[in-house]
Structures are given as structure tokens and as C-alpha cells.
$ cat query_25.cif   # mmCIF, C-alpha atoms
data_target
loop_
_atom_site.label_atom_id
_atom_site.label_comp_id
_atom_site.auth_asym_id
_atom_site.auth_seq_id
_atom_site.Cartn_x
_atom_site.Cartn_y
_atom_site.Cartn_z
CA MET A 1 -22.05 -18.33 -10.90
CA ARG A 2 -19.56 -18.07 -13.73
CA ARG A 3 -16.59 -20.41 -13.70
CA LEU A 4 -14.11 -17.50 -13.61
CA ASN A 5 -15.72 -16.15 -10.44
CA ILE A 6 -15.50 -19.54 -8.76
CA ILE A 7 -11.84 -19.86 -9.69
CA ALA A 8 -11.14 -16.33 -8.39
CA PHE A 9 -12.94 -17.14 -5.13
CA VAL A 10 -10.98 -20.39 -4.62
CA VAL A 11 -7.67 -18.65 -5.43
CA LEU A 12 -8.53 -15.86 -2.95
CA LEU A 13 -9.31 -18.38 -0.20
CA LEU A 14 -6.06 -20.28 -0.86
CA ALA A 15 -4.05 -17.06 -0.87
CA VAL A 16 -5.61 -15.92 2.42
CA ALA A 17 -5.03 -19.36 3.96
CA GLY A 18 -1.40 -19.09 2.85
CA LEU A 19 -1.10 -15.66 4.49
CA PHE A 20 -2.71 -16.93 7.71
CA ALA A 21 -0.15 -19.72 7.84
CA LEU A 22 2.80 -17.32 7.67
CA SER A 23 5.14 -17.20 10.64
CA PRO A 24 5.57 -13.83 12.41
CA ARG A 25 9.05 -13.61 10.94
CA ASN A 26 7.80 -14.02 7.37
CA THR A 27 4.91 -11.65 8.06
CA GLN A 28 7.44 -9.06 9.20
CA LYS A 29 9.50 -9.63 6.05
CA ILE A 30 6.44 -8.98 3.89
CA GLN A 31 5.64 -5.87 5.92
CA SER A 32 9.22 -4.63 5.59
CA ALA A 33 9.18 -5.16 1.83
CA PHE A 34 5.87 -3.31 1.45
CA LEU A 35 7.03 -0.50 3.73
CA ASP A 36 10.14 -0.14 1.56
CA PHE A 37 7.94 -0.01 -1.53
CA ILE A 38 5.52 2.59 -0.16
CA ALA A 39 8.10 4.75 1.69
CA PRO A 40 9.15 6.86 -1.36
CA PHE A 41 5.48 7.67 -2.03
CA LEU A 42 4.98 8.66 1.60
CA LYS A 43 8.12 10.82 1.52
CA THR A 44 6.90 12.54 -1.65
CA GLY A 45 3.47 13.03 -0.10
CA SER A 46 5.04 14.46 3.02
CA ALA A 47 7.12 16.95 1.01
CA LEU A 48 4.05 17.91 -1.03
CA GLN A 49 2.00 18.44 2.11
CA THR A 50 4.70 20.72 3.54
CA LYS A 51 4.71 22.79 0.34
CA ILE A 52 0.92 23.06 0.22
CA THR A 53 0.81 24.14 3.86
CA ALA A 54 3.47 26.78 3.18
CA ILE A 55 1.51 28.13 0.19
CA ARG A 56 -1.73 28.17 2.18
CA GLU A 57 -0.08 30.04 5.02
CA GLY A 58 1.42 32.49 2.52
CA LEU A 59 -2.01 33.24 1.05
CA LYS A 60 -3.34 34.21 4.46
CA THR A 61 -1.36 37.44 4.39
CA LEU A 62 -2.86 38.68 1.13
CA PRO A 63 -5.98 40.41 2.54
CA GLN A 64 -3.76 42.55 4.75
CA ILE A 65 -2.06 44.13 1.76
CA GLU A 66 -5.08 44.67 -0.48
CA GLN A 67 -4.98 48.47 0.08
CA GLU A 68 -1.46 48.77 -1.18
CA ASN A 69 -0.65 49.58 -4.81
CA GLU A 70 0.51 46.87 -7.19
CA GLN A 71 4.20 47.50 -6.85
CA LEU A 72 4.13 47.76 -3.07
CA ARG A 73 1.97 44.67 -2.90
CA VAL A 74 4.50 42.62 -4.81
CA GLU A 75 7.37 44.06 -2.81
CA LEU A 76 5.62 43.46 0.48
CA LYS A 77 4.77 39.89 -0.51
CA GLU A 78 8.39 39.28 -1.40
CA LEU A 79 9.60 40.75 1.86
CA LYS A 80 7.05 38.79 3.83
CA ALA A 81 7.98 35.61 2.07
CA THR A 82 11.66 36.23 2.77
CA ASN A 83 10.90 37.14 6.35
CA GLN A 84 8.76 34.09 6.86
CA MET A 85 11.43 31.93 5.31
CA LEU A 86 14.08 33.43 7.61
CA ARG A 87 11.82 33.00 10.60
CA ASP A 88 11.17 29.38 9.63
CA LEU A 89 14.89 28.88 9.14
CA GLY A 90 15.56 30.48 12.50
CA LEU A 91 13.03 28.23 14.20
CA GLU A 92 14.38 25.18 12.43
CA ASN A 93 17.91 26.25 13.33
CA ASN A 94 16.97 26.52 17.00
CA LYS A 95 15.18 23.20 16.88
CA LEU A 96 18.10 21.46 15.19
CA ARG A 97 20.58 23.10 17.56
CA ARG A 98 18.60 21.82 20.52
CA ALA A 99 18.43 18.40 18.93
CA LEU A 100 22.15 18.42 18.17
CA GLU A 101 23.02 19.49 21.70
CA TYR A 102 20.78 16.75 23.03
CA ARG A 103 22.36 14.22 20.70
CA GLU A 104 25.87 15.24 21.78
CA ARG A 105 25.22 15.19 25.49
CA SER A 106 23.10 12.04 25.36
CA ILE A 107 24.59 8.84 26.65
CA PHE A 108 22.84 6.94 23.84
CA LYS A 109 23.78 6.43 20.23
CA LEU A 110 21.02 8.32 18.49
CA VAL A 111 19.94 8.14 14.86
CA PRO A 112 17.97 11.23 13.85
CA ALA A 113 14.81 10.46 11.87
CA ARG A 114 12.02 12.45 10.27
CA ILE A 115 8.37 11.48 10.39
CA ILE A 116 7.20 10.88 6.82
CA ALA A 117 3.63 9.80 7.52
CA ARG A 118 1.21 9.63 10.39
CA ASP A 119 -1.35 6.96 10.96
CA ALA A 120 -4.17 6.33 8.49
CA THR A 121 -6.13 4.03 10.78
CA THR A 122 -8.74 4.56 13.46
CA TRP A 123 -7.52 2.22 16.18
CA TRP A 124 -3.73 2.07 15.90
CA ASN A 125 -1.25 4.81 16.82
CA THR A 126 1.87 4.64 14.72
CA VAL A 127 4.03 6.89 12.56
CA LYS A 128 6.42 6.10 9.72
CA VAL A 129 9.98 7.45 9.86
CA ASP A 130 12.62 7.70 7.15
CA ARG A 131 15.27 5.48 8.77
CA GLY A 132 15.63 1.73 8.51
CA PHE A 133 18.04 -1.21 8.49
CA ALA A 134 20.48 0.78 6.32
CA ASP A 135 20.88 3.27 9.20
CA GLY A 136 21.34 0.63 11.89
CA VAL A 137 17.72 0.62 13.04
CA GLU A 138 16.18 -2.65 14.22
CA PRO A 139 12.79 -3.64 15.64
CA ASP A 140 12.11 -2.82 19.30
CA MET A 141 14.42 0.18 19.50
CA PRO A 142 13.25 3.11 21.67
CA VAL A 143 12.30 6.32 19.90
CA LEU A 144 12.51 9.65 21.71
CA THR A 145 12.97 13.38 21.39
CA GLU A 146 14.82 15.80 23.64
CA ASP A 147 11.50 16.19 25.52
CA GLY A 148 10.89 12.52 26.28
CA LEU A 149 9.76 9.11 25.07
CA VAL A 150 7.87 8.75 21.78
CA GLY A 151 7.58 4.96 21.38
CA LYS A 152 9.48 2.09 19.82
CA THR A 153 10.17 0.71 16.37
CA THR A 154 8.17 -2.28 15.21
CA THR A 155 8.40 -3.02 11.48
CA VAL A 156 11.74 -1.98 10.02
CA ALA A 157 12.44 -1.79 6.28
CA GLU A 158 15.64 -0.83 4.45
CA HIS A 159 15.00 2.92 4.49
CA ALA A 160 11.87 3.34 6.63
CA SER A 161 10.41 2.10 9.90
CA THR A 162 7.12 2.01 11.71
CA VAL A 163 7.13 3.53 15.19
CA LEU A 164 4.54 2.38 17.71
CA LEU A 165 3.64 5.46 19.76
CA ILE A 166 3.25 5.44 23.53
CA ALA A 167 -0.37 6.45 22.95
CA ASP A 168 -1.07 2.96 21.55
CA GLU A 169 -2.56 0.35 23.86
CA ASN A 170 0.06 -2.16 22.71
CA CYS A 171 2.98 0.04 23.77
CA LYS A 172 3.70 -0.92 27.36
CA VAL A 173 6.54 0.71 29.25
CA ALA A 174 7.85 -0.22 32.69
CA SER A 175 8.15 3.02 34.64
CA ASN A 176 8.66 4.66 37.99
CA VAL A 177 7.44 7.87 39.53
CA GLU A 178 9.75 10.71 40.53
CA GLY A 179 10.06 11.17 44.28
CA SER A 180 8.42 7.86 45.17
CA ARG A 181 9.12 4.15 45.09
CA GLU A 182 6.08 3.49 42.96
CA GLN A 183 6.55 1.42 39.83
CA GLY A 184 3.97 0.58 37.18
CA ILE A 185 3.26 0.05 33.52
CA VAL A 186 2.51 2.96 31.23
CA LYS A 187 0.26 2.17 28.27
CA GLY A 188 -2.01 4.00 25.88
CA GLU A 189 -5.77 3.73 25.93
CA ARG A 190 -7.69 1.87 23.22
CA THR A 191 -9.55 4.99 22.17
CA SER A 192 -6.40 7.08 22.15
CA THR A 193 -5.30 8.84 18.95
CA ASN A 194 -2.25 10.84 17.91
CA ALA A 195 -4.30 14.00 18.30
CA LEU A 196 -5.87 12.98 21.60
CA PRO A 197 -3.21 10.87 23.26
CA GLU A 198 -4.40 9.25 26.45
CA ILE A 199 -1.80 7.36 28.42
CA SER A 200 -2.06 5.90 31.87
CA LEU A 201 0.14 4.41 34.56
CA ASN A 202 -1.29 1.16 35.88
CA PHE A 203 -0.57 -1.41 38.59
CA LEU A 204 0.44 1.15 41.21
CA SER A 205 -0.11 0.33 44.85
CA LYS A 206 -3.42 1.46 46.32
CA THR A 207 -1.59 3.38 49.00
CA ALA A 208 0.47 5.41 46.52
CA ASP A 209 0.25 9.08 47.31
CA LEU A 210 0.82 10.59 43.90
CA LYS A 211 0.23 14.22 43.12
CA PRO A 212 -0.48 15.95 39.80
CA GLY A 213 2.73 17.26 38.29
CA GLN A 214 4.96 14.38 39.39
CA LYS A 215 7.12 13.12 36.54
CA VAL A 216 7.11 9.54 35.30
CA TYR A 217 10.28 7.99 33.88
CA THR A 218 11.17 4.68 32.24
CA SER A 219 12.49 2.23 34.83
CA GLY A 220 14.61 0.17 32.44
CA VAL A 221 12.83 -3.07 33.38
CA GLY A 222 12.07 -5.22 30.34
CA GLY A 223 15.13 -4.35 28.35
CA VAL A 224 13.59 -2.33 25.51
CA TYR A 225 13.65 1.13 27.06
CA PRO A 226 16.68 2.42 28.95
CA SER A 227 15.95 3.87 32.38
CA GLY A 228 15.53 7.56 33.05
CA ILE A 229 13.66 8.69 29.95
CA LEU A 230 10.81 11.05 30.74
CA ILE A 231 7.42 9.62 29.68
CA GLY A 232 5.02 12.19 31.03
CA VAL A 233 3.56 14.03 33.97
CA ILE A 234 0.82 12.81 36.29
CA LYS A 235 -2.48 14.55 35.64
CA GLN A 236 -4.74 12.60 37.97
CA PHE A 237 -4.44 9.69 40.38
CA GLU A 238 -7.25 7.38 41.42
CA VAL A 239 -7.52 4.20 43.45
CA ARG A 240 -9.35 1.33 41.73
CA ALA A 241 -10.57 -1.98 43.15
CA LEU A 242 -7.24 -3.74 42.76
CA ASP A 243 -4.61 -1.09 42.06
CA GLY A 244 -3.78 2.56 41.77
CA HIS A 245 -4.18 4.21 38.38
CA ALA A 246 -2.78 7.51 37.14
CA THR A 247 -3.62 9.44 34.00
CA LEU A 248 -0.59 11.07 32.36
CA VAL A 249 0.08 13.96 30.05
CA PRO A 250 2.75 12.77 27.57
CA ALA A 251 6.04 14.67 27.71
CA VAL A 252 6.16 14.79 23.92
CA ASP A 253 3.43 16.44 21.89
CA LEU A 254 2.64 13.54 19.57
CA THR A 255 0.54 15.72 17.26
CA THR A 256 3.30 18.11 16.29
CA ILE A 257 6.56 16.16 16.43
CA GLU A 258 8.40 16.05 13.13
CA ASP A 259 11.86 14.88 14.11
CA VAL A 260 12.76 12.07 16.48
CA PHE A 261 15.78 10.07 17.56
CA ILE A 262 16.05 6.30 17.45
CA VAL A 263 18.21 4.83 20.20
CA THR A 264 20.49 2.28 18.55
CA GLY A 265 22.67 1.62 21.61
CA ARG A 266 24.84 3.23 24.27
CA LYS A 267 27.87 5.40 23.53
CA MET B 1 -8.88 -5.41 -17.39
CA MET B 2 -7.82 -1.79 -17.88
CA LEU B 3 -10.45 -0.64 -15.40
CA PHE B 4 -9.13 -3.13 -12.88
CA LEU B 5 -5.54 -1.89 -13.33
CA PHE B 6 -6.70 1.72 -13.07
CA LEU B 7 -8.63 1.00 -9.87
CA PHE B 8 -5.71 -0.94 -8.46
CA VAL B 9 -3.51 2.15 -8.90
CA ALA B 10 -6.31 4.39 -7.60
CA THR B 11 -6.61 2.22 -4.48
CA PHE B 12 -2.89 2.51 -3.86
CA VAL B 13 -2.96 6.28 -4.37
CA ALA B 14 -5.92 6.49 -1.95
CA LEU B 15 -3.97 4.51 0.63
CA VAL B 16 -1.01 6.89 0.38
CA ALA B 17 -3.27 9.97 0.41
CA GLN B 18 -5.14 8.67 3.47
CA HIS B 19 -1.92 9.03 5.48
CA PHE B 20 -1.97 12.78 4.96
CA ILE B 21 -5.58 13.38 5.89
CA PRO B 22 -5.77 14.08 9.61
CA ALA B 23 -8.45 12.66 11.87
CA LEU B 24 -11.50 14.92 12.20
CA PRO B 25 -11.58 16.65 15.59
CA TRP B 26 -15.26 17.67 15.13
CA LEU B 27 -16.19 14.00 14.77
CA HIS B 28 -14.31 12.67 17.79
CA GLU B 29 -11.21 11.93 15.70
CA ALA B 30 -13.05 9.84 13.11
CA ARG B 31 -10.97 8.98 10.06
CA VAL B 32 -11.49 9.73 6.39
CA MET B 33 -11.43 6.22 4.90
CA LEU B 34 -10.48 7.04 1.35
CA MET B 35 -9.22 3.64 0.24
CA PRO B 36 -12.41 1.70 1.06
CA VAL B 37 -14.50 4.26 -0.82
CA VAL B 38 -12.34 3.77 -3.91
CA PHE B 39 -12.53 0.02 -3.43
CA PHE B 40 -16.33 0.13 -3.24
CA PHE B 41 -16.40 1.91 -6.59
CA GLY B 42 -14.42 -1.06 -7.91
CA ALA B 43 -16.83 -3.48 -6.25
CA ILE B 44 -19.81 -1.92 -8.02
CA SER B 45 -18.18 -1.40 -11.41
CA LEU B 46 -16.03 -4.52 -11.82
CA PRO B 47 -17.14 -8.10 -12.43
CA ALA B 48 -17.03 -10.40 -9.40
CA TRP B 49 -13.64 -12.00 -10.18
CA ALA B 50 -11.97 -8.59 -10.58
CA MET B 51 -13.67 -7.34 -7.40
CA LEU B 52 -12.14 -10.28 -5.52
CA ALA B 53 -8.71 -9.49 -6.97
CA LEU B 54 -9.09 -5.85 -5.92
CA ALA B 55 -10.23 -6.98 -2.46
CA PHE B 56 -7.09 -9.06 -2.19
CA ALA B 57 -4.87 -6.14 -3.22
CA SER B 58 -6.62 -3.65 -0.91
CA GLY B 59 -6.76 -5.94 2.11
CA PHE B 60 -3.19 -7.04 1.63
CA MET B 61 -1.87 -3.47 1.38
CA TRP B 62 -3.85 -2.41 4.45
CA ASP B 63 -2.62 -5.30 6.54
CA ALA B 64 0.96 -5.10 5.31
CA LEU B 65 1.04 -1.52 6.53
CA ASN B 66 -0.94 -1.75 9.74
CA VAL B 67 -0.77 -5.22 11.30
CA GLN B 68 1.29 -5.04 14.49
CA ILE B 69 3.94 -7.58 15.37
CA LEU B 70 4.99 -7.29 18.98
CA ASP B 71 7.40 -9.57 20.78
CA SER B 72 7.32 -11.97 17.80
CA ASN B 73 3.54 -12.23 18.00
CA VAL B 74 1.25 -11.11 15.20
CA GLU B 75 -1.66 -9.28 16.79
CA ILE B 76 -4.09 -9.87 13.94
CA SER B 77 -3.06 -12.16 11.09
CA LEU B 78 -1.99 -10.70 7.78
CA GLY B 79 -4.90 -11.40 5.45
CA TRP B 80 -7.92 -10.84 7.64
CA SER B 81 -8.65 -7.52 5.94
CA ILE B 82 -8.78 -9.37 2.61
CA ILE B 83 -11.72 -11.40 3.89
CA LEU B 84 -13.36 -8.24 5.19
CA TYR B 85 -12.90 -6.40 1.89
CA ALA B 86 -14.11 -9.42 -0.10
CA ALA B 87 -17.22 -9.86 2.07
CA LEU B 88 -18.19 -6.18 1.96
CA GLY B 89 -17.24 -6.00 -1.72
CA ALA B 90 -19.59 -8.91 -2.40
CA ILE B 91 -22.47 -6.96 -0.83
CA MET B 92 -21.64 -3.93 -2.97
CA SER B 93 -21.26 -6.16 -6.02
CA GLY B 94 -24.84 -7.30 -5.54
CA PHE B 95 -25.92 -3.80 -6.59
CA ARG B 96 -23.97 -3.97 -9.85
CA PRO B 97 -27.09 -4.41 -12.00
CA LEU B 98 -28.34 -1.07 -10.67
CA TYR B 99 -24.99 0.52 -11.54
CA GLN B 100 -25.30 -0.88 -15.04
CA ARG B 101 -28.76 0.64 -15.29
CA GLY B 102 -27.33 4.05 -14.42
CA HIS B 103 -27.92 4.33 -10.67
CA GLY B 104 -24.27 4.05 -9.73
CA TRP B 105 -23.57 7.15 -7.69
CA GLU B 106 -26.65 6.86 -5.49
CA ILE B 107 -25.88 3.26 -4.61
CA HIS B 108 -22.18 3.97 -4.13
CA CYS B 109 -22.96 6.90 -1.85
CA LEU B 110 -25.66 5.15 0.19
CA MET B 111 -23.75 1.92 0.63
CA SER B 112 -20.25 3.34 1.23
CA GLY B 113 -21.27 4.84 4.57
CA PRO B 114 -22.66 1.73 6.28
CA LEU B 115 -20.01 -0.54 4.75
CA VAL B 116 -17.15 1.69 5.90
CA SER B 117 -18.68 1.78 9.37
CA VAL B 118 -18.91 -2.02 9.36
CA MET B 119 -15.25 -2.13 8.32
CA VAL B 120 -14.14 0.13 11.19
CA LEU B 121 -16.38 -1.77 13.63
CA ALA B 122 -14.90 -5.09 12.48
CA GLU B 123 -11.39 -3.71 13.08
CA TYR B 124 -12.38 -2.64 16.57
CA LEU B 125 -13.98 -6.00 17.34
CA MET B 126 -10.85 -7.82 16.17
CA ILE B 127 -8.71 -5.68 18.48
CA THR B 128 -11.17 -6.17 21.33
CA PHE B 129 -11.20 -9.96 20.97
CA ARG B 130 -7.42 -10.04 20.74
CA ARG B 131 -6.64 -7.66 23.60
CA GLY B 132 -9.56 -8.48 25.87
CA GLU B 133 -11.73 -6.03 27.83
CA PHE B 134 -14.97 -5.17 26.09
CA LEU B 135 -14.74 -1.41 26.09
CA PHE B 136 -17.40 0.39 24.12
CA PRO B 137 -17.44 4.01 25.24
CA LYS B 138 -19.40 6.59 23.27
CA ILE B 139 -16.29 7.79 21.46
CA VAL B 140 -15.89 4.38 19.78
CA TRP B 141 -19.38 4.62 18.28
CA TRP B 142 -18.73 8.18 17.20
CA ARG B 143 -15.60 7.10 15.36
CA ILE B 144 -17.33 4.13 13.74
CA GLY B 145 -20.36 6.16 12.68
CA GLY B 146 -18.27 9.22 11.84
CA ALA B 147 -16.06 7.28 9.43
CA GLY B 148 -19.20 6.07 7.65
CA LEU B 149 -20.72 9.53 7.56
CA VAL B 150 -17.58 11.05 6.06
CA ALA B 151 -17.37 8.19 3.56
CA MET B 152 -20.92 9.01 2.42
CA MET B 153 -19.97 12.66 2.06
CA ILE B 154 -16.91 12.01 -0.09
CA ALA B 155 -18.35 9.08 -2.06
CA PRO B 156 -20.10 11.17 -4.78
CA LEU B 157 -16.87 13.08 -5.47
CA ILE B 158 -14.79 9.90 -5.65
CA TYR B 159 -17.47 8.31 -7.85
CA PHE B 160 -17.57 11.31 -10.17
CA ILE B 161 -13.77 11.37 -10.60
CA LEU B 162 -13.37 7.63 -11.14
CA GLN B 163 -16.46 7.24 -13.34
CA THR B 164 -15.47 10.22 -15.50
CA ILE B 165 -11.99 8.80 -16.07
CA ALA B 166 -13.40 5.33 -16.76
CA LEU B 167 -15.97 6.71 -19.22
CA THR B 168 -13.43 8.95 -20.94
CA PHE B 169 -11.16 6.02 -21.69
CA GLY B 170 -14.05 3.72 -22.54
CA TRP B 171 -13.39 1.27 -19.70
CA VAL B 172 -17.04 1.20 -18.73
CA ALA B 173 -20.08 1.21 -20.97
CA PRO B 174 -22.10 4.45 -20.98
CA ARG B 175 -25.14 4.45 -18.72
CA ARG B 176 -28.22 2.64 -20.00
CA ARG B 177 -31.08 4.63 -18.56
CA LYS B 178 -34.57 3.44 -19.37
CA VAL B 179 -36.24 5.82 -21.80
CA VAL B 180 -39.96 6.28 -21.27
CA GLN B 181 -41.78 7.07 -24.51
#

$ encode --input "query_25.cif" --output "C-alpha cells"
Amino acid sequence: MRRLNIIAFVVLLLAVAGLFALSPRNTQKIQSAFLDFIAPFLKTGSALQTKITAIREGLKTLPQIEQENEQLRVELKELKATNQMLRDLGLENNKLRRALEYRERSIFKLVPARIIARDATTWWNTVKVDRGFADGVEPDMPVLTEDGLVGKTTTVAEHASTVLLIADENCKVASNVEGSREQGIVKGERTSTNALPEISLNFLSKTADLKPGQKVYTSGVGGVYPSGILIGVIKQFEVRALDGHATLVPAVDLTTIEDVFIVTGRK
Amino acid sequence: MMLFLFLFVATFVALVAQHFIPALPWLHEARVMLMPVVFFFGAISLPAWAMLALAFASGFMWDALNVQILDSNVEISLGWSIILYAALGAIMSGFRPLYQRGHGWEIHCLMSGPLVSVMVLAEYLMITFRRGEFLFPKIVWWRIGGAGLVAMMIAPLIYFILQTIALTFGWVAPRRRKVVQ
């Protein structure tokens, strides 16, 4: 083995040992710094993806106007593009109006954030948003939409944060069930993904009489999540050896959300 | 050195790009692992010391972005992916003589699949040991195998792009195929 390779190997081992010895606080600092570094690239990628999608969707209408003459084709394309743009604007307007109304009537101080990247891993369920320390965001702040709970912040950088989604096994939320005295812990399943979110309500009593369609809300126990935020709806309830277990349908569609709110406090 | 710098940038670009490639619904939500495939090209084309440096960079970036810290506890230590990348990179590096003899793309393609699967499996095992409960439903194996399968499918394209750029700029020596007279 060449001397250079041995040196590189020893340096690698020392560097890894140094990283292993880091405290959680320092690890988080490194993560924040790297997230800050990569965030502009993710934002650019996100904008690029939006543009590509728009172009691809625009191209889909071309076969429909093949019969038309050249002038009409151009005109029609222009009109369609304008129409589509107006429709998109209308939809976005409605969405933003709903969000604004929710923000105004909410009892929480909400920081609006946009998802800039979804997860690139197989086993973790997180998203990156474009708000960080500079906007008053800190770790362990609840993230929600007008429809319900999304998750909580974990790593926070200056202008970006990582949000742990409720579909992740590590995201545990104390909760209660509408119309009953049942309380439990909602958590994601290990095999859950953003596209196939599987969340469940555990540690219910075996005698719980829960029906599909009952809503599950945060109970406020634990301090991270305020009480009364909708998490999901019961899909199925089963009694296991030691406890009752319910499968939930998340209130928020984690595959399509683009805008979220970060709860930074109470009004 | 230039090839190393180029692959370092390529690895970073692959990491960013990977965020915008959705999971594959037809493969039980298996992921397209772009960054490891780029890294494995580095492992086969770079000398061992540079491969280790690239393993450090790749593993560090992956962990810095994905390691979870909850309630002041690090779930899996920052740095474990470096070891994983270095170990798998060392296996790939063992095939470097074949790459130098002009059999690069076949080796890169054949090895990327199993190595990516091992990488995803190792991640799952780490999570399993940390969180408890040995859960191995079918879907887990689909995702592990699926990631490897997709890696094998994209490997020739990644190889072609990176090798062409490297050859164009003279960062790698042209292939030395044996000529039979």
C-alpha cells in the first residue's frame, strides 16, 4: 500500500472519530451551517423544477391544436398560456387567501414558509423549508397548514429549516380522539414515505370504542404541539395484546403541500 | 487532482438533484440514489487516497443533511455514512485495474446496484438497531432491492457523462484495450 493511501486512511479515521465525538449541539451547528450552504441550491432547483413542470404541462396541449393553421395555432397557444396562467393565479390567489384568513384568525403567531425540497432518503420523512433563525424559527416548533398538523422543525439554519413530518417514526405527538376520553401517541410507521404516509395512534385503551371517521387532535401534552390541532382521521381501529391501535389518514396531504406555517408562539 | 475536484462538485450536484427526483411508486417508493452512483464512478476512477477523500465528502454531506437530532439526542452519529462510503468505495476501488484496462462501464453498472442496495440496507439496519423492533416487511426489501435496480439502470448514463467529460479534459488516460494481432 502506498504511503499516501495510508496517510489518507489514518486522516479519514481521525476525522470520523472527531465527528463521532461531537456533542449534539455541535452536530446541530454543523448541520445548520451545511443547510445554509445548500439552501440556495435547493431553492434554485425548486424554481427550476416548477418551470420545467409548467413547460411540460404546456406541451400537453399541442396535439389538440395540430389541425389548426399556423396563425391560429400560435394564437390559441398564447390564449391557452394566458388562460392557464390566470387559472394558476386564481388558484394560488384562493390558496393564499385561505392561508391568510387562517393566519389572521389563528391564535398562534404563524410564519409562512415554502417547501424548497422534499426528502432524498429512503427511510426518513422530512422536507426543507425556506425559513430559519432570521425569521424567528427555532428547533422543535410545530409546523401546520390550515388543514392540520404537518410536523415540527428539527435542524434550523439562518434562512432554511428541516421539518420532520408526522409520517416519520421519530415524530411522536400526544393526541386525543374527538368525542371520547381516549388519549394516545401518534407516530409514523418505519416504512412510511411522503407519498405513502402511514400514521398510527398507539397506546389507546383496549376498551376504546373508536369508529372510522373520528378526528384526532393534538392534546398539548409534551409542550411542543399546542392542543387542538387536527392530525388526522381514524381509518381503522384494532385491539392488540397490550393496547388499542388505530390507523389514521393524515389531515394534510403530505405529497402535495407546498406552503406551510411555522408556529413561533401565541398571539 | 482535477478529476477529484470535478467529482466532488458532481457529487454535490447529484445530492441536490436527488432531492427533486421523487420516489418510484412502481417500485414500492424506492429511491433513485444518484449521489452514490456518482461516488462509485469516483471510487473506480480515482486512486485510493482520493477515493477516501471523496468518501469523506459524500458521507459528510449526506449525514449533515439527514441525521436527525431529536430532544438533544443524535439518532445516528454524524460520520457513520463516511465509514459506509469508504468501505463500499474500497470494494469498488478493487476493480480499478479493470477500469484502467477499459472495462469501466460494465463494472460500474454491475457493482453500483448491489453496493447501493447494501448502502440502503445499512441505513435501515442502523435505524432498526437505534429504534428497536426488528421489522422487515416485504416493502423494506422492495425498497432496498429497488434502489439497487434503479442504480444499475442509471449507472451507464452517469458513467458515460462523467467519463466523457473526464476524457475530454484529459483527466483520465484513454482506455488501454488489449489488441489481439

$ resolve_selection --input "query_25.cif" --expression "the PyMOL selection byres ((chain B and resi 56) around 9)" --output "list in words"
Leu12, Ala15 and Val16 of chain A; Met51, Leu52, Ala53, Leu54, Ala55, Ala57, Ser58, Gly59, Phe60, Met61, Gly79, Ser81, Ile82, Ile83, Tyr85 and Ala86 of chain B

$ resolve_selection --input "query_25.cif" --expression "the PyMOL selection byres ((chain B and resi 137-143) around 7)" --output "mmCIF file with C-alpha atoms, keeping the file's coordinate frame"
data_model
loop_
_atom_site.group_PDB
_atom_site.id
_atom_site.type_symbol
_atom_site.label_atom_id
_atom_site.label_comp_id
_atom_site.auth_asym_id
_atom_site.auth_seq_id
_atom_site.Cartn_x
_atom_site.Cartn_y
_atom_site.Cartn_z
ATOM 1 C CA THR A 191 -9.550 4.990 22.170
ATOM 2 C CA LEU B 27 -16.190 14.000 14.770
ATOM 3 C CA HIS B 28 -14.310 12.670 17.790
ATOM 4 C CA GLU B 29 -11.210 11.930 15.700
ATOM 5 C CA ALA B 30 -13.050 9.840 13.110
ATOM 6 C CA LEU B 135 -14.740 -1.410 26.090
ATOM 7 C CA PHE B 136 -17.400 0.390 24.120
ATOM 8 C CA ILE B 144 -17.330 4.130 13.740
ATOM 9 C CA GLY B 145 -20.360 6.160 12.680
ATOM 10 C CA GLY B 146 -18.270 9.220 11.840
ATOM 11 C CA ALA B 147 -16.060 7.280 9.430
#

$ interface_residues --input "query_25.cif" --of "chain A" --to "chain B" --cutoff "8 Å" --atoms "all atoms listed in the file" --output "VMD selection string"
chain A and resid 4 to 6 8 to 9 12 16 19 to 20 24 to 25 27 to 28 30 to 31 34 to 35 38 41 to 42 45 to 46 49 117 to 124 154 to 155 191 193 195

$ atom_distance --input "query_25.cif" --atom1 "atom CA of Leu91 of chain A" --atom2 "atom CA of Asp130 of chain A"
21.7 Å

$ atom_distance --input "query_25.cif" --atom1 "atom CA of Phe40 of chain B" --atom2 "atom CA of Arg101 of chain B"
17.3 Å

$ atom_distance --input "query_25.cif" --atom1 "atom CA of Val38 of chain B" --atom2 "atom CA of Leu48 of chain A"
21.8 Å

$ residues_near_point --input "query_25.cif" --point "(-14.4, 3.5, -1.9)" --cutoff "12 Å" --atoms "only C-alpha atoms" --output "VMD selection string"
chain B and resid 7 to 8 10 to 12 14 to 15 18 32 to 45 54 to 55 58 85 88 to 89 92 105 107 to 116 119 148 150 to 162

$ residues_around --input "query_25.cif" --residues "segment 187-189 of chain A" --least-positions-apart "6" --cutoff "7 Å" --atoms "all atoms listed in the file" --output "VMD selection string"
chain A and resid 166 to 169 171 to 173 198 to 201

$ closest_residue --input "query_25.cif" --among "B:Thr164, B:Leu46, B:Val172, B:Met126" --to "Phe95 of chain B" --atoms "all atoms listed in the file"
B:Leu46
